[in-house]
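**Q** There's a structure below that I have some questions on.
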Amino acid sequence: MPVGPAEQEAALRQVDALLGSALRPEGLTELCRFLRRAFAHYTWVGVYRLEGSTLVLDGWDGEQATEHVRIPLDQGLCGKAAREDRTVMVGDVRSSPEYLSCFLDTRSEIVVPVRAGGRVVGEIDVDGQSTNAYDRTDDAFLTEVARRLGPLLARPA
Ligand code: SME
């Protein structure tokens, strides 16, 4: 029996939900919201996707929106993490010359690359309000989240 477009769409939505809601743009926002609610020291959580040589904010959760919705690879802690393909952790952003300021009350930041097929396709960016808020357990955890995000961010939007 043929399946109509509406049924197909509904079925695909179920498949997406089963595979991970991050397949949809709002799914990334939901992921950020989940992470922020789960961990009190994650004050602001965002996911950037690498588009050419620009990081584009695809989803976020926090009290305030950031003005940095597009970050060139040669700028900020975000640019550095993607460029150098490694986690960047800063215990006090006030002492980091590379830091691109978003929120007045941010003290710590951790940026973890998202990889797919051996290359950087995006990153998870987390801001915190206390100094030295993050350590290697956050790095390990966010690296696991990033591993799950890889195939999803690698898809064309
Ligand atoms: N602070 C970042 C910019 C992004 S905001 O924190 C959301 C940076 O230095 O690249």
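Residues in the structure tokens are named by chain (A, B, ... in the order shown) and by number from 1 within that chain; ligands are numbered from 1 in the order shown.
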Could I get the residue neighbourhood of ligand 1 at 6 Å, counting only C-alpha atoms and all ligand atoms, as a PyMOL selection string?
**A** chain A and resi 66+68+76-79+99-102
**Q** Which residues are close to Thr143 (chain A), i.e. within 9 Å by only C-alpha atoms, leaving aside same-chain residues fewer than 3 positions away? Reply as a PyMOL selection string.
**A** chain A and resi 87+112-114+124+138-140+146-148
**Q** The selected residues should be written to file as a JSON list (two decimals), in the first residue's frame (atoms: N, CA, C and O atoms).
**A**
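Written output follows (out-v3.json):
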```
[["chain", "number", "residue", "atom", "x", "y", "z"],
["A", 87, "THR", "N", 40.48, 20.96, 22.24],
["A", 87, "THR", "CA", 39.69, 21.65, 23.26],
["A", 87, "THR", "C", 40.45, 22.86, 23.78],
["A", 87, "THR", "O", 41.65, 22.78, 24.06],
["A", 112, "VAL", "N", 34.88, 22.78, 22.70],
["A", 112, "VAL", "CA", 35.27, 21.42, 22.31],
["A", 112, "VAL", "C", 34.92, 21.20, 20.84],
["A", 112, "VAL", "O", 33.76, 21.37, 20.44],
["A", 113, "PRO", "N", 35.90, 20.83, 20.02],
["A", 113, "PRO", "CA", 35.62, 20.62, 18.60],
["A", 113, "PRO", "C", 34.69, 19.44, 18.35],
["A", 113, "PRO", "O", 34.73, 18.45, 19.08],
["A", 114, "VAL", "N", 33.86, 19.58, 17.34],
["A", 114, "VAL", "CA", 33.03, 18.47, 16.86],
["A", 114, "VAL", "C", 33.67, 18.01, 15.55],
["A", 114, "VAL", "O", 33.93, 18.83, 14.66],
["A", 124, "ILE", "N", 31.27, 22.71, 20.38],
["A", 124, "ILE", "CA", 30.38, 23.03, 21.50],
["A", 124, "ILE", "C", 31.09, 24.08, 22.34],
["A", 124, "ILE", "O", 32.27, 23.93, 22.67],
["A", 138, "ASP", "N", 34.92, 17.80, 32.28],
["A", 138, "ASP", "CA", 34.03, 18.48, 31.33],
["A", 138, "ASP", "C", 34.50, 18.25, 29.90],
["A", 138, "ASP", "O", 33.70, 18.05, 28.99],
["A", 139, "ASP", "N", 35.82, 18.28, 29.72],
["A", 139, "ASP", "CA", 36.39, 18.03, 28.39],
["A", 139, "ASP", "C", 35.98, 16.64, 27.91],
["A", 139, "ASP", "O", 35.49, 16.47, 26.79],
["A", 140, "ALA", "N", 36.15, 15.65, 28.79],
["A", 140, "ALA", "CA", 35.83, 14.26, 28.40],
["A", 140, "ALA", "C", 34.34, 14.12, 28.09],
["A", 140, "ALA", "O", 33.95, 13.51, 27.09],
["A", 146, "ALA", "N", 30.20, 15.68, 21.66],
["A", 146, "ALA", "CA", 30.66, 16.12, 20.34],
["A", 146, "ALA", "C", 30.76, 14.93, 19.37],
["A", 146, "ALA", "O", 30.44, 15.06, 18.19],
["A", 147, "ARG", "N", 31.18, 13.79, 19.90],
["A", 147, "ARG", "CA", 31.32, 12.59, 19.05],
["A", 147, "ARG", "C", 29.95, 12.20, 18.48],
["A", 147, "ARG", "O", 29.82, 11.81, 17.34],
["A", 148, "ARG", "N", 28.92, 12.36, 19.33],
["A", 148, "ARG", "CA", 27.56, 12.03, 18.86],
["A", 148, "ARG", "C", 27.03, 13.07, 17.88],
["A", 148, "ARG", "O", 26.20, 12.77, 17.03]]
```
**Q** Just want the 12 Å neighbourhood of Gly117 (chain A), counted on only C-alpha atoms, with same-chain residues fewer than 3 positions away dropped. Output as an MDAnalysis selection string.
**A** chainID A and resid 114 120:121 147 150:155
**Q** Taking N, CA, C and O atoms for each residue, export the selection above as an mmCIF file, in the first residue's frame.
**A**
```cif
data_model
loop_
_atom_site.group_PDB
_atom_site.id
_atom_site.type_symbol
_atom_site.label_atom_id
_atom_site.label_comp_id
_atom_site.auth_asym_id
_atom_site.auth_seq_id
_atom_site.Cartn_x
_atom_site.Cartn_y
_atom_site.Cartn_z
ATOM 1 N N VAL A 114 33.858 19.577 17.344
ATOM 2 C CA VAL A 114 33.030 18.469 16.859
ATOM 3 C C VAL A 114 33.673 18.011 15.552
ATOM 4 O O VAL A 114 33.927 18.830 14.658
ATOM 5 N N VAL A 120 37.298 18.903 11.515
ATOM 6 C CA VAL A 120 36.421 19.685 12.387
ATOM 7 C C VAL A 120 35.221 20.173 11.577
ATOM 8 O O VAL A 120 35.379 20.753 10.495
ATOM 9 N N VAL A 121 34.018 19.909 12.108
ATOM 10 C CA VAL A 121 32.801 20.366 11.427
ATOM 11 C C VAL A 121 32.015 21.365 12.288
ATOM 12 O O VAL A 121 31.013 21.915 11.856
ATOM 13 N N ARG A 147 31.184 13.791 19.899
ATOM 14 C CA ARG A 147 31.316 12.592 19.053
ATOM 15 C C ARG A 147 29.949 12.204 18.483
ATOM 16 O O ARG A 147 29.820 11.809 17.336
ATOM 17 N N GLY A 150 28.874 14.774 15.706
ATOM 18 C CA GLY A 150 29.665 14.834 14.483
ATOM 19 C C GLY A 150 28.896 14.549 13.199
ATOM 20 O O GLY A 150 28.822 15.399 12.309
ATOM 21 N N PRO A 151 28.294 13.355 13.116
ATOM 22 C CA PRO A 151 27.598 13.008 11.871
ATOM 23 C C PRO A 151 26.427 13.952 11.570
ATOM 24 O O PRO A 151 26.080 14.156 10.408
ATOM 25 N N LEU A 152 25.854 14.512 12.633
ATOM 26 C CA LEU A 152 24.706 15.394 12.425
ATOM 27 C C LEU A 152 25.134 16.759 11.903
ATOM 28 O O LEU A 152 24.513 17.333 11.003
ATOM 29 N N LEU A 153 26.235 17.296 12.458
ATOM 30 C CA LEU A 153 26.699 18.615 12.017
ATOM 31 C C LEU A 153 27.326 18.535 10.630
ATOM 32 O O LEU A 153 27.367 19.535 9.905
ATOM 33 N N ALA A 154 27.812 17.356 10.261
ATOM 34 C CA ALA A 154 28.473 17.212 8.969
ATOM 35 C C ALA A 154 27.490 17.285 7.823
ATOM 36 O O ALA A 154 27.858 17.562 6.688
ATOM 37 N N ARG A 155 26.208 17.049 8.130
ATOM 38 C CA ARG A 155 25.205 17.119 7.067
ATOM 39 C C ARG A 155 24.988 18.547 6.650
ATOM 40 O O ARG A 155 24.953 19.435 7.481
#
```
**Q** Counting only C-alpha atoms, figure out which residue out of A:Ala116, A:Ile110, A:Val69, A:Val126 gets nearest to Gly46 (chain A).
**A** A:Val126
**Q** Considering only C-alpha atoms, return as a ChimeraX atom specification whatever protein or nucleic-acid residues lie within 12 Å of Thr106 (chain A), sequence-local ones (same chain, fewer than 3 positions apart) excluded.
**A** /A:41-45,62,64,66,90-94,99-103,109-110,126-133
**Q** Identify, with DSSP run on backbone atoms, the residues in chain A assigned to alpha helix (DSSP H), and express the list as a PyMOL selection string.
**A** chain A and resi 5-19+25-38+76-84+136-154
**Q** Hey, which of A:Arg70, A:Arg36, A:Arg136, A:Lys80 ends up closest to Arg49 (chain A)? Count only C-alpha atoms.
**A**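 The closest residue to Arg49 (chain A) is A:Arg70.
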**Q** Just asking: which residues within chain A are strand (DSSP E) according to DSSP, as a PyMOL selection string?
**A** chain A and resi 44-51+54-61+70-72+88-90+108-116+119-128
**Q** Could you list, as a list in words, every residue within 9 Å of Ser53 (chain A), counting only C-alpha atoms and ignoring same-chain residues fewer than 6 positions away?
**A**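 Everything that qualifies: Ile71, Pro72, Leu73 and Asp74 of chain A.
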**Q** What is the distance between CA of Arg107 (chain A) and CA of Leu149 (chain A), in Å to one decimal?
**A**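 If I compute the distance from CA of Arg107 (chain A) to CA of Leu149 (chain A), I get 26.1 Å.
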